[in-house]
file entry25.cif (mmCIF, C-alpha atoms)
data_upload
loop_
_atom_site.label_atom_id
_atom_site.label_comp_id
_atom_site.auth_asym_id
_atom_site.auth_seq_id
_atom_site.Cartn_x
_atom_site.Cartn_y
_atom_site.Cartn_z
CA MET L 209 -76.26 40.56 -25.35
CA LYS L 210 -76.15 38.64 -22.04
CA ALA L 211 -74.13 35.82 -23.67
CA THR L 212 -71.66 38.37 -25.01
CA THR L 213 -71.40 39.99 -21.57
CA ASP L 214 -70.86 36.63 -19.85
CA LYS L 215 -68.14 35.75 -22.36
CA SER L 216 -66.32 39.06 -21.84
CA TYR L 217 -66.63 38.63 -18.06
CA LYS L 218 -65.14 35.15 -18.30
CA SER L 219 -62.21 36.36 -20.44
CA ALA L 220 -61.54 39.22 -18.03
CA PHE L 221 -61.68 36.80 -15.08
CA ILE L 222 -59.04 34.57 -16.71
CA PHE L 223 -56.66 37.45 -17.44
CA LEU L 224 -57.08 38.92 -13.97
CA THR L 225 -56.38 35.54 -12.40
CA THR L 226 -52.85 35.69 -13.85
CA LEU L 227 -52.32 38.83 -11.76
CA PHE L 228 -53.49 37.07 -8.60
CA PHE L 229 -50.97 34.30 -9.30
CA LEU L 230 -48.18 36.80 -9.94
CA TRP L 231 -48.46 38.86 -6.80
CA GLY L 232 -48.97 35.74 -4.67
CA PHE L 233 -45.74 34.28 -6.02
CA ILE L 234 -43.72 37.45 -5.48
CA THR L 235 -45.11 38.20 -2.01
CA VAL L 236 -44.04 34.81 -0.66
CA LEU L 237 -40.72 34.89 -2.50
CA VAL L 238 -40.01 37.95 -0.36
CA ASP L 239 -40.60 35.72 2.70
CA SER L 240 -37.90 33.37 1.41
CA LEU L 241 -35.39 36.22 1.47
CA VAL L 242 -36.06 37.01 5.14
CA PRO L 243 -33.89 34.21 6.65
CA ARG L 244 -31.19 34.87 4.03
CA LEU L 245 -30.98 38.61 4.74
CA LYS L 246 -30.96 37.87 8.48
CA ASP L 247 -27.79 35.83 7.95
CA VAL L 248 -26.18 38.21 5.43
CA PHE L 249 -26.59 41.29 7.62
CA GLU L 250 -26.47 39.39 10.95
CA MET L 251 -29.67 41.01 12.24
CA SER L 252 -32.09 40.38 15.10
CA TYR L 253 -35.57 39.01 14.34
CA ALA L 254 -37.12 42.44 14.96
CA LYS L 255 -34.77 44.18 12.51
CA THR L 256 -35.22 41.41 9.94
CA VAL L 257 -38.93 42.19 9.87
CA LEU L 258 -38.06 45.62 8.43
CA VAL L 259 -38.06 43.72 5.12
CA GLN L 260 -41.72 42.87 5.59
CA PHE L 261 -42.38 46.33 7.01
CA ALA L 262 -41.05 48.04 3.86
CA PHE L 263 -43.11 45.67 1.73
CA PHE L 264 -46.45 45.98 3.50
CA VAL L 265 -46.31 49.62 4.57
CA ALA L 266 -46.49 50.39 0.85
CA PHE L 267 -50.09 49.16 0.90
CA PHE L 268 -50.93 51.84 3.46
CA VAL L 269 -49.11 54.54 1.49
CA PHE L 270 -50.29 53.63 -2.02
CA SER L 271 -53.86 52.30 -1.58
CA LEU L 272 -55.81 55.58 -1.59
CA PRO L 273 -53.61 57.19 -4.29
CA ALA L 274 -54.04 54.00 -6.34
CA GLY L 275 -57.82 54.33 -6.13
CA PHE L 276 -57.57 57.95 -7.28
CA ILE L 277 -55.21 57.08 -10.15
CA LEU L 278 -57.45 54.25 -11.33
CA SER L 279 -60.46 56.58 -11.41
CA LYS L 280 -58.48 58.88 -13.73
CA ILE L 281 -56.72 56.47 -16.10
CA GLY L 282 -58.95 53.39 -15.90
CA TYR L 283 -58.32 49.76 -14.96
CA LYS L 284 -56.34 48.75 -18.03
CA LYS L 285 -53.75 51.53 -17.79
CA GLY L 286 -53.73 51.13 -14.02
CA ILE L 287 -52.86 47.45 -14.32
CA ILE L 288 -50.05 48.23 -16.78
CA LEU L 289 -48.73 50.94 -14.42
CA GLY L 290 -48.81 48.48 -11.52
CA LEU L 291 -46.94 45.83 -13.48
CA LEU L 292 -44.22 48.23 -14.64
CA THR L 293 -43.79 49.51 -11.08
CA MET L 294 -43.37 45.92 -9.90
CA ALA L 295 -40.74 45.28 -12.58
CA LEU L 296 -38.80 48.35 -11.43
CA GLY L 297 -38.88 47.09 -7.84
CA CYS L 298 -37.47 43.71 -8.93
CA LEU L 299 -34.68 45.42 -10.89
CA LEU L 300 -33.60 47.32 -7.76
CA PHE L 301 -32.57 44.02 -6.18
CA TYR L 302 -29.67 43.90 -8.66
CA PRO L 303 -27.70 46.88 -7.22
CA ALA L 304 -28.88 46.00 -3.69
CA ALA L 305 -27.27 42.55 -3.97
CA SER L 306 -24.17 43.85 -5.75
CA TYR L 307 -23.35 46.37 -3.02
CA ARG L 308 -24.81 44.40 -0.08
CA ALA L 309 -26.90 47.51 0.66
CA PHE L 310 -29.77 46.77 3.01
CA PRO L 311 -31.46 50.21 2.50
CA VAL L 312 -31.60 49.57 -1.26
CA PHE L 313 -33.24 46.19 -0.59
CA LEU L 314 -35.88 48.04 1.45
CA ILE L 315 -36.45 50.57 -1.35
CA GLY L 316 -36.80 47.69 -3.82
CA TYR L 317 -39.38 45.96 -1.60
CA PHE L 318 -41.29 49.22 -1.15
CA THR L 319 -41.39 49.88 -4.91
CA LEU L 320 -42.40 46.31 -5.69
CA ALA L 321 -45.22 46.47 -3.15
CA GLY L 322 -46.37 49.79 -4.59
CA GLY L 323 -47.01 48.07 -7.91
CA ILE L 324 -48.78 45.16 -6.22
CA THR L 325 -50.96 47.64 -4.33
CA ILE L 326 -52.23 49.19 -7.56
CA LEU L 327 -53.12 45.70 -8.81
CA GLN L 328 -54.82 44.74 -5.53
CA VAL L 329 -56.96 47.88 -5.39
CA ALA L 330 -58.15 47.23 -8.95
CA ALA L 331 -58.43 43.44 -9.16
CA ASN L 332 -60.23 42.49 -5.92
CA PRO L 333 -63.37 44.60 -6.39
CA TYR L 334 -63.23 44.03 -10.16
CA VAL L 335 -63.54 40.26 -9.68
CA ALA L 336 -66.26 40.80 -7.08
CA LEU L 337 -68.25 42.84 -9.62
CA LEU L 338 -67.95 40.37 -12.51
CA GLY L 339 -71.36 38.91 -11.69
CA SER L 340 -73.95 38.88 -8.90
CA GLU L 341 -73.19 40.09 -5.36
CA ASP L 342 -74.33 36.72 -3.93
CA GLY L 343 -71.54 34.96 -5.83
CA ALA L 344 -68.85 37.54 -5.02
CA SER L 345 -67.22 35.52 -2.19
CA SER L 346 -67.15 32.39 -4.34
CA ARG L 347 -65.57 34.22 -7.32
CA LEU L 348 -62.94 35.95 -5.22
CA ASN L 349 -62.10 32.71 -3.40
CA LEU L 350 -61.55 31.06 -6.80
CA SER L 351 -59.29 33.90 -8.00
CA GLN L 352 -57.42 33.86 -4.70
CA ALA L 353 -56.94 30.10 -5.13
CA PHE L 354 -54.67 30.88 -8.08
CA ASN L 355 -53.01 33.54 -5.94
CA SER L 356 -52.29 30.66 -3.55
CA LEU L 357 -50.89 28.59 -6.41
CA GLY L 358 -48.25 31.30 -6.73
CA THR L 359 -47.64 31.30 -2.97
CA THR L 360 -47.29 27.49 -3.09
CA ILE L 361 -44.63 27.49 -5.81
CA ALA L 362 -42.68 30.43 -4.35
CA PRO L 363 -41.33 28.65 -1.21
CA VAL L 364 -39.88 25.89 -3.40
CA VAL L 365 -38.17 28.43 -5.66
CA GLY L 366 -36.98 30.32 -2.59
CA ALA L 367 -35.69 27.23 -0.80
CA LEU L 368 -33.84 25.88 -3.84
CA PHE L 369 -32.47 29.13 -5.26
CA LEU L 370 -32.35 31.68 -2.43
CA LEU L 371 -31.59 29.45 0.58
CA SER L 372 -29.59 26.71 -1.12
CA ASP L 373 -26.11 27.97 -0.21
CA SER L 374 -24.65 28.79 3.19
CA VAL L 375 -24.14 32.46 4.06
CA LYS L 376 -20.81 33.26 5.69
CA THR L 377 -20.63 35.32 8.86
CA SER L 378 -18.62 38.57 9.01
CA THR L 379 -15.91 36.69 10.93
CA GLU L 380 -15.65 34.03 8.21
CA ILE L 381 -15.56 36.69 5.48
CA ALA L 382 -12.79 38.61 7.29
CA ILE L 383 -10.33 35.71 7.01
CA LEU L 384 -10.84 35.32 3.25
CA SER L 385 -8.24 36.62 0.82
CA LYS L 386 -9.17 39.55 -1.45
CA VAL L 387 -9.74 37.22 -4.39
CA GLU L 388 -11.83 34.77 -2.33
CA LYS L 389 -13.84 37.61 -0.84
CA LYS L 390 -14.57 39.07 -4.29
CA GLU L 391 -15.62 35.67 -5.65
CA TYR L 392 -17.85 35.07 -2.62
CA TYR L 393 -19.59 38.44 -2.96
CA ILE L 394 -20.23 37.89 -6.68
CA SER L 395 -21.65 34.42 -6.05
CA GLU L 396 -23.81 35.61 -3.17
CA ALA L 397 -25.19 38.54 -5.19
CA ALA L 398 -26.02 36.32 -8.17
CA THR L 399 -28.14 34.08 -5.93
CA VAL L 400 -30.55 36.98 -5.41
CA GLN L 401 -30.09 38.81 -8.72
CA THR L 402 -30.83 35.99 -11.17
CA PRO L 403 -34.36 35.08 -9.99
CA PHE L 404 -35.48 38.69 -9.66
CA ILE L 405 -34.12 39.72 -13.07
CA LEU L 406 -36.11 36.85 -14.61
CA ILE L 407 -39.21 37.92 -12.69
CA ALA L 408 -38.81 41.54 -13.86
CA PHE L 409 -38.59 40.34 -17.48
CA SER L 410 -41.71 38.18 -17.06
CA ILE L 411 -43.67 41.07 -15.52
CA ALA L 412 -42.70 43.34 -18.42
CA ILE L 413 -44.01 40.73 -20.89
CA LEU L 414 -47.29 40.52 -18.94
CA ALA L 415 -47.63 44.33 -19.03
CA LEU L 416 -47.22 44.17 -22.83
CA ILE L 417 -49.97 41.54 -23.05
CA PHE L 418 -52.36 43.69 -21.01
CA ALA L 419 -51.66 46.62 -23.34
CA PHE L 420 -53.35 44.66 -26.16
CA ILE L 421 -56.34 43.06 -24.38
CA LYS L 422 -59.79 44.55 -23.73
CA LEU L 423 -61.37 44.61 -20.28
CA PRO L 424 -65.12 45.15 -19.79
CA LYS L 425 -66.27 48.25 -17.88
CA VAL L 426 -68.08 47.15 -14.73
CA MET L 427 -67.99 50.28 -12.55
CA GLU L 428 -68.78 53.91 -13.07
CA GLU L 429 -66.59 56.63 -11.58
CA SER L 430 -67.00 56.59 -7.81
CA PRO L 431 -69.13 59.33 -6.25
CA LYS L 432 -67.50 62.23 -4.40
CA GLY L 433 -67.39 62.13 -0.64
CA GLY L 434 -67.36 58.34 -0.60
CA TYR L 435 -64.59 57.99 1.97
CA VAL L 436 -66.45 60.19 4.49
CA THR L 437 -69.50 57.93 4.16
CA LEU L 438 -67.42 54.75 4.45
CA LEU L 439 -65.70 55.92 7.62
CA LYS L 440 -69.13 56.00 9.25
CA ASN L 441 -69.89 52.42 8.19
CA LYS L 442 -69.16 50.27 11.26
CA LEU L 443 -69.31 46.87 9.53
CA MET L 444 -66.98 47.99 6.73
CA LEU L 445 -64.47 49.30 9.27
CA MET L 446 -64.72 46.03 11.22
CA GLY L 447 -63.93 44.21 7.96
CA ALA L 448 -60.91 46.46 7.39
CA LEU L 449 -59.63 45.53 10.86
CA GLY L 450 -60.24 41.88 9.92
CA ILE L 451 -58.01 42.30 6.85
CA PHE L 452 -55.39 44.03 9.04
CA VAL L 453 -55.13 41.21 11.59
CA TYR L 454 -55.48 38.43 9.02
CA VAL L 455 -52.62 39.62 6.81
CA GLY L 456 -50.53 40.32 9.91
CA ALA L 457 -51.05 36.82 11.30
CA GLU L 458 -50.52 35.06 7.96
CA VAL L 459 -47.28 36.94 7.23
CA SER L 460 -45.99 36.56 10.80
CA ILE L 461 -46.30 32.78 10.60
CA GLY L 462 -45.11 32.44 6.99
CA SER L 463 -42.06 34.67 7.43
CA PHE L 464 -40.70 32.85 10.47
CA LEU L 465 -41.55 29.21 9.73
CA VAL L 466 -37.97 28.33 8.74
CA ASN L 467 -36.60 30.01 11.86
CA TYR L 468 -39.26 28.35 14.04
CA PHE L 469 -38.37 24.94 12.63
CA SER L 470 -34.64 25.65 13.06
CA GLU L 471 -35.04 26.52 16.73
CA MET L 472 -36.82 23.19 17.28
CA ASN L 473 -33.85 21.49 15.56
CA LEU L 474 -36.25 19.98 13.04
CA SER L 475 -33.61 19.70 10.32
CA VAL L 476 -32.08 16.77 12.22
CA ILE L 477 -35.48 15.13 12.80
CA VAL L 478 -36.45 15.58 9.15
CA ALA L 479 -33.09 14.32 7.86
CA GLU L 480 -33.40 11.17 9.98
CA ASN L 481 -36.98 10.50 8.85
CA GLU L 482 -37.06 8.56 5.59
CA THR L 483 -40.62 9.60 4.71
CA MET L 484 -39.91 13.29 5.28
CA MET L 485 -36.74 13.13 3.16
CA ASP L 486 -38.69 11.38 0.40
CA ILE L 487 -41.23 14.19 0.45
CA ALA L 488 -38.51 16.86 0.34
CA ASN L 489 -36.59 15.20 -2.48
CA THR L 490 -39.75 14.54 -4.50
CA ILE L 491 -40.52 18.27 -4.44
CA ALA L 492 -36.89 19.20 -5.11
CA SER L 493 -36.68 16.77 -8.04
CA LEU L 494 -39.14 18.97 -9.94
CA PHE L 495 -36.28 21.48 -10.12
CA ASN L 496 -33.53 18.87 -10.68
CA LYS L 497 -32.31 19.33 -7.09
CA THR L 498 -31.66 16.94 -4.23
CA PHE L 499 -31.28 17.21 -0.47
CA THR L 500 -28.60 14.59 0.05
CA ASP L 501 -26.11 17.29 1.05
CA SER L 502 -28.04 20.54 1.52
CA ASP L 503 -28.10 23.47 3.88
CA PRO L 504 -30.57 22.86 6.77
CA LYS L 505 -32.50 26.09 6.03
CA SER L 506 -33.08 24.95 2.46
CA LEU L 507 -34.35 21.56 3.64
CA LEU L 508 -36.76 23.12 6.13
CA GLY L 509 -37.77 25.82 3.65
CA ILE L 510 -39.09 23.22 1.23
CA PHE L 511 -41.84 22.30 3.73
CA VAL L 512 -43.19 25.86 3.74
CA ILE L 513 -44.87 24.79 0.48
CA PHE L 514 -47.46 22.99 2.62
CA TYR L 515 -48.36 26.22 4.46
CA TRP L 516 -49.10 28.10 1.24
CA GLY L 517 -50.28 24.99 -0.61
CA GLY L 518 -52.87 24.44 2.10
CA ALA L 519 -54.17 27.95 1.41
CA MET L 520 -54.54 27.07 -2.27
CA ILE L 521 -56.50 23.87 -1.58
CA GLY L 522 -58.63 25.66 1.01
CA ARG L 523 -59.59 28.41 -1.43
CA PHE L 524 -60.77 25.94 -4.06
CA VAL L 525 -62.82 24.24 -1.32
CA GLY L 526 -63.91 27.65 -0.04
CA ALA L 527 -65.22 28.67 -3.47
CA TYR L 528 -67.67 25.76 -3.08
CA LEU L 529 -68.40 26.12 0.65
CA THR L 530 -69.29 29.82 0.33
CA LYS L 531 -71.91 28.80 -2.25
CA ILE L 532 -73.70 26.33 0.01
CA MET L 533 -73.12 28.07 3.39
CA THR L 534 -73.20 31.69 4.48
CA PRO L 535 -69.65 33.13 4.10
CA GLY L 536 -69.70 34.42 7.69
CA LYS L 537 -70.28 30.90 9.03
CA VAL L 538 -67.44 29.46 6.90
CA LEU L 539 -65.15 32.23 8.18
CA THR L 540 -66.03 31.42 11.80
CA ILE L 541 -65.26 27.71 11.35
CA PHE L 542 -61.94 28.30 9.63
CA ALA L 543 -60.79 30.86 12.24
CA SER L 544 -61.61 28.40 15.03
CA LEU L 545 -59.55 25.68 13.34
CA ALA L 546 -56.59 28.04 12.78
CA ILE L 547 -56.52 28.81 16.52
CA THR L 548 -56.69 25.09 17.30
CA MET L 549 -53.70 24.31 15.05
CA ILE L 550 -51.55 27.03 16.68
CA LEU L 551 -52.41 25.77 20.15
CA ILE L 552 -51.41 22.24 19.15
CA SER L 553 -48.11 23.46 17.67
CA ILE L 554 -46.98 25.48 20.70
CA ASN L 555 -47.89 22.67 23.08
CA THR L 556 -46.14 19.85 21.20
CA THR L 557 -42.71 19.18 19.70
CA GLY L 558 -41.16 17.55 16.64
CA LEU L 559 -43.17 16.66 13.56
CA ILE L 560 -46.55 17.14 15.28
CA SER L 561 -45.64 20.74 16.07
CA MET L 562 -44.37 21.21 12.52
CA TRP L 563 -47.39 19.81 10.69
CA SER L 564 -49.94 21.55 12.92
CA ILE L 565 -48.45 25.01 12.29
CA LEU L 566 -48.26 24.24 8.56
CA ALA L 567 -51.96 23.30 8.69
CA VAL L 568 -52.80 26.89 9.66
CA GLY L 569 -52.25 27.73 5.99
CA LEU L 570 -55.24 25.55 5.04
CA PHE L 571 -57.53 27.50 7.36
CA ASN L 572 -56.07 30.87 6.35
CA SER L 573 -57.28 30.12 2.85
CA ILE L 574 -60.74 31.68 2.68
CA MET L 575 -60.11 34.54 5.11
CA PHE L 576 -58.90 37.37 2.87
CA PRO L 577 -61.40 36.94 0.00
CA THR L 578 -64.29 36.24 2.37
CA ILE L 579 -63.59 39.20 4.69
CA PHE L 580 -63.05 41.40 1.63
CA THR L 581 -66.37 40.55 -0.04
CA LEU L 582 -68.31 40.62 3.24
CA SER L 583 -66.96 44.14 3.80
CA LEU L 584 -68.18 45.25 0.35
CA GLU L 585 -71.73 43.97 0.83
CA GLY L 586 -74.41 46.59 0.17
CA LEU L 587 -71.96 49.39 -0.64
CA GLY L 588 -73.03 49.81 -4.27
CA ASP L 589 -71.01 52.53 -6.04
CA LEU L 590 -68.81 52.96 -2.97
CA LYS L 591 -67.07 49.62 -3.56
CA ALA L 592 -64.13 51.24 -5.36
CA GLN L 593 -63.31 53.51 -2.40
CA ALA L 594 -63.98 50.68 0.04
CA SER L 595 -61.42 48.58 -1.83
CA GLY L 596 -58.83 51.30 -1.28
CA LEU L 597 -59.52 51.37 2.46
CA LEU L 598 -59.46 47.56 2.70
CA CYS L 599 -56.17 47.39 0.81
CA MET L 600 -54.74 50.01 3.18
CA ALA L 601 -55.46 47.51 5.95
CA ILE L 602 -52.94 45.14 4.37
CA VAL L 603 -50.38 47.25 6.26
CA GLY L 604 -51.08 44.75 9.03
CA GLY L 605 -48.47 42.65 7.22
CA ALA L 606 -45.89 45.26 8.27
CA ILE L 607 -46.97 46.08 11.82
CA ILE L 608 -48.01 42.74 13.31
CA PRO L 609 -44.91 40.78 12.11
CA PHE L 610 -42.70 43.50 13.64
CA ILE L 611 -44.43 43.01 16.99
CA PHE L 612 -44.26 39.23 16.45
CA GLY L 613 -40.49 39.40 15.79
CA SER L 614 -39.95 41.57 18.86
CA LEU L 615 -41.84 39.07 21.00
CA ILE L 616 -39.65 36.26 19.64
CA ASP L 617 -36.50 38.21 20.56
CA SER L 618 -37.77 38.86 24.09
CA PHE L 619 -39.81 35.78 25.00
CA GLY L 620 -39.47 33.12 22.30
CA PHE L 621 -41.76 31.66 19.64
CA LYS L 622 -44.40 30.12 21.88
CA THR L 623 -45.24 33.45 23.53
CA ALA L 624 -45.16 35.25 20.17
CA PHE L 625 -47.75 32.86 18.73
CA VAL L 626 -50.27 34.13 21.32
CA LEU L 627 -50.40 37.31 19.21
CA THR L 628 -51.58 35.32 16.17
CA ILE L 629 -54.20 33.56 18.30
CA LEU L 630 -55.61 36.98 19.22
CA CYS L 631 -55.70 37.92 15.52
CA TYR L 632 -57.67 34.83 14.56
CA GLY L 633 -59.89 35.37 17.59
CA TYR L 634 -61.00 38.72 16.18
CA ILE L 635 -61.67 37.13 12.77
CA LEU L 636 -63.83 34.51 14.51
CA PHE L 637 -65.74 37.33 16.22
CA TYR L 638 -66.25 39.20 12.92
CA GLY L 639 -67.40 36.03 11.16
CA ARG L 640 -70.04 35.38 13.84
CA ILE L 641 -71.40 38.92 13.50
CA LYS L 642 -71.68 38.63 9.70
CA ALA L 643 -73.22 35.15 9.98
CA LYS L 644 -75.96 36.54 12.24
CA LYS L 645 -76.57 39.45 9.85
CA ASN L 646 -77.07 37.02 6.96
#

call {"tool": "encode", "arguments": {"input": "entry25.cif", "output": "structure tokens"}}
result
Amino acid sequence: MKATTDKSYKSAFIFLTTLFFLWGFITVLVDSLVPRLKDVFEMSYAKTVLVQFAFFVAFFVFSLPAGFILSKIGYKKGIILGLLTMALGCLLFYPAASYRAFPVFLIGYFTLAGGITILQVAANPYVALLGSEDGASSRLNLSQAFNSLGTTIAPVVGALFLLSDSVKTSTEIAILSKVEKKEYYISEAATVQTPFILIAFSIAILALIFAFIKLPKVMEESPKGGYVTLLKNKLMLMGALGIFVYVGAEVSIGSFLVNYFSEMNLSVIVAENETMMDIANTIASLFNKTFTDSDPKSLLGIFVIFYWGGAMIGRFVGAYLTKIMTPGKVLTIFASLAITMILISINTTGLISMWSILAVGLFNSIMFPTIFTLSLEGLGDLKAQASGLLCMAIVGGAIIPFIFGSLIDSFGFKTAFVLTILCYGYILFYGRIKAKKN
């Protein structure tokens, strides 16, 4: 019986890992659209972050309803519902691009994130419960490593397909003839439409697959009154705040890397550095592209792969480290190193500044899964409701980047990065508390 259970747990883990990959890929692909939409609609940094705001506020809106829905229809139907909702969100990018309608883009992002929220609420605690509580951090770090594989691939796809052509300003568009203007709008729309139509189709296929697979039951229906009890749990609430500031810091940095590099004029430095160009073209060659005559944003965007790729490597390492060390101690070390990398970046220039800020991704790696599982410790049957509250905290990805963008507009990047240092400082504090408890 135990062998059969272990086998079913392993199969479920593999299928669920595909979901982690999927939402990681799509979440970061959204980041790739941020600099493009800023140019298309000629917006300030603060207004550009409305894209991220629409995406991440959905986690706040949908998390508790998602937990309720899952308790009624079960994980399997909940996963299918989440996938179909994501597909609908992707399809909304088609009319948004056709009509250059920014509000429709925001609705599309919101719908897409609603589907991802349902998957997050279900998958994170589900993976944590596919075995012993002691191994929960290690399992979730491993699943999140594949999430990071998606976030590693996405910047390359975004750089080569969403940022590869120059966006004309309103002044440049005004001098075009009617025929040229029509051709430009069609070409510009297709740049966004094609990738997201393909993604919508792929998600629909995945939903069909999940309709035919069996998932083991690992949780009973959550007890009534669970949220009232959880709101009195200080350590769980501290973990939720940790998720809030972590997602906010990670998204703030990831969303503005291309703009940060552009302001430092790194495209010129990179283009003149033979090693850097070799790296860029090696990555681009995987997609039959080259950077011999490319837009600067596309060239810089290719290096964002190292930010998200570092998170992937770190999570594979973290799956091992959280087995041999207490997760709280690992969290403390990684938060300290993230702060160090930011301080180096804002106090240097050129390639040192570039590589140090990219290295933050490596130390981001274990934070979400480790904070998540530490927050669930000892909660028993309340883990389902706790997952809903923790996923609500992902709204930090909407609020903190908006503040970050406003700080950039008013004071510049170096001052704005102080906000992310404060975020990682809190995570360091939380990690130390959990390390002492364990």

call {"tool": "atom_distance", "arguments": {"input": "entry25.cif", "atom1": "atom CA of L:Phe511", "atom2": "atom CA of L:Val364"}}
result
8.2 Å

call {"tool": "resolve_selection", "arguments": {"input": "entry25.cif", "expression": "the PyMOL selection byres ((chain L and resi 551) around 10)", "output": "PyMOL selection string"}}
result
chain L and resi 545-550+552-556+561+564-565+622+625-626+629

call {"tool": "residues_around", "arguments": {"input": "entry25.cif", "residues": "L:Ala331", "least_positions_apart": "5", "cutoff": "10 Å", "atoms": "all atoms listed in the file", "output": "MDAnalysis selection string"}}
result
chainID L and resid 221 224:225 227:228 283 287 325:326 336:337 348 351 595

call {"tool": "resolve_selection", "arguments": {"input": "entry25.cif", "expression": "the PyMOL selection byres ((chain L and resi 632) around 8)", "output": "list in words"}}
result
Val453, Tyr454, Ala457, Ala543, Ser544, Ala546, Ile547, Thr628, Ile629, Leu630, Cys631, Gly633, Tyr634, Ile635 and Leu636 of chain L

call {"tool": "write_last_selection", "arguments": {"input": "entry25.cif", "atoms": "C-alpha atoms", "output": "PDB file, in the coordinates of the input"}}
result
ATOM      1  CA  VAL L 453     -55.130  41.210  11.590  1.00  0.00           C
ATOM      2  CA  TYR L 454     -55.480  38.430   9.020  1.00  0.00           C
ATOM      3  CA  ALA L 457     -51.050  36.820  11.300  1.00  0.00           C
ATOM      4  CA  ALA L 543     -60.790  30.860  12.240  1.00  0.00           C
ATOM      5  CA  SER L 544     -61.610  28.400  15.030  1.00  0.00           C
ATOM      6  CA  ALA L 546     -56.590  28.040  12.780  1.00  0.00           C
ATOM      7  CA  ILE L 547     -56.520  28.810  16.520  1.00  0.00           C
ATOM      8  CA  THR L 628     -51.580  35.320  16.170  1.00  0.00           C
ATOM      9  CA  ILE L 629     -54.200  33.560  18.300  1.00  0.00           C
ATOM     10  CA  LEU L 630     -55.610  36.980  19.220  1.00  0.00           C
ATOM     11  CA  CYS L 631     -55.700  37.920  15.520  1.00  0.00           C
ATOM     12  CA  GLY L 633     -59.890  35.370  17.590  1.00  0.00           C
ATOM     13  CA  TYR L 634     -61.000  38.720  16.180  1.00  0.00           C
ATOM     14  CA  ILE L 635     -61.670  37.130  12.770  1.00  0.00           C
ATOM     15  CA  LEU L 636     -63.830  34.510  14.510  1.00  0.00           C
TER      16      LEU L 636
END

call {"tool": "atom_distance", "arguments": {"input": "entry25.cif", "atom1": "atom CA of L:Phe621", "atom2": "atom CA of L:Asn572"}}
result
19.5 Å

call {"tool": "closest_residue", "arguments": {"input": "entry25.cif", "among": "L:Asn481, L:Leu443, L:Phe524, L:Met294", "to": "L:Leu230", "atoms": "all atoms listed in the file"}}
result
L:Met294

call {"tool": "residues_around", "arguments": {"input": "entry25.cif", "residues": "L:Gly232", "least_positions_apart": "2", "cutoff": "9 Å", "atoms": "all atoms listed in the file", "output": "ChimeraX atom specification"}}
result
/L:227-230,234-237,352,354-360,362
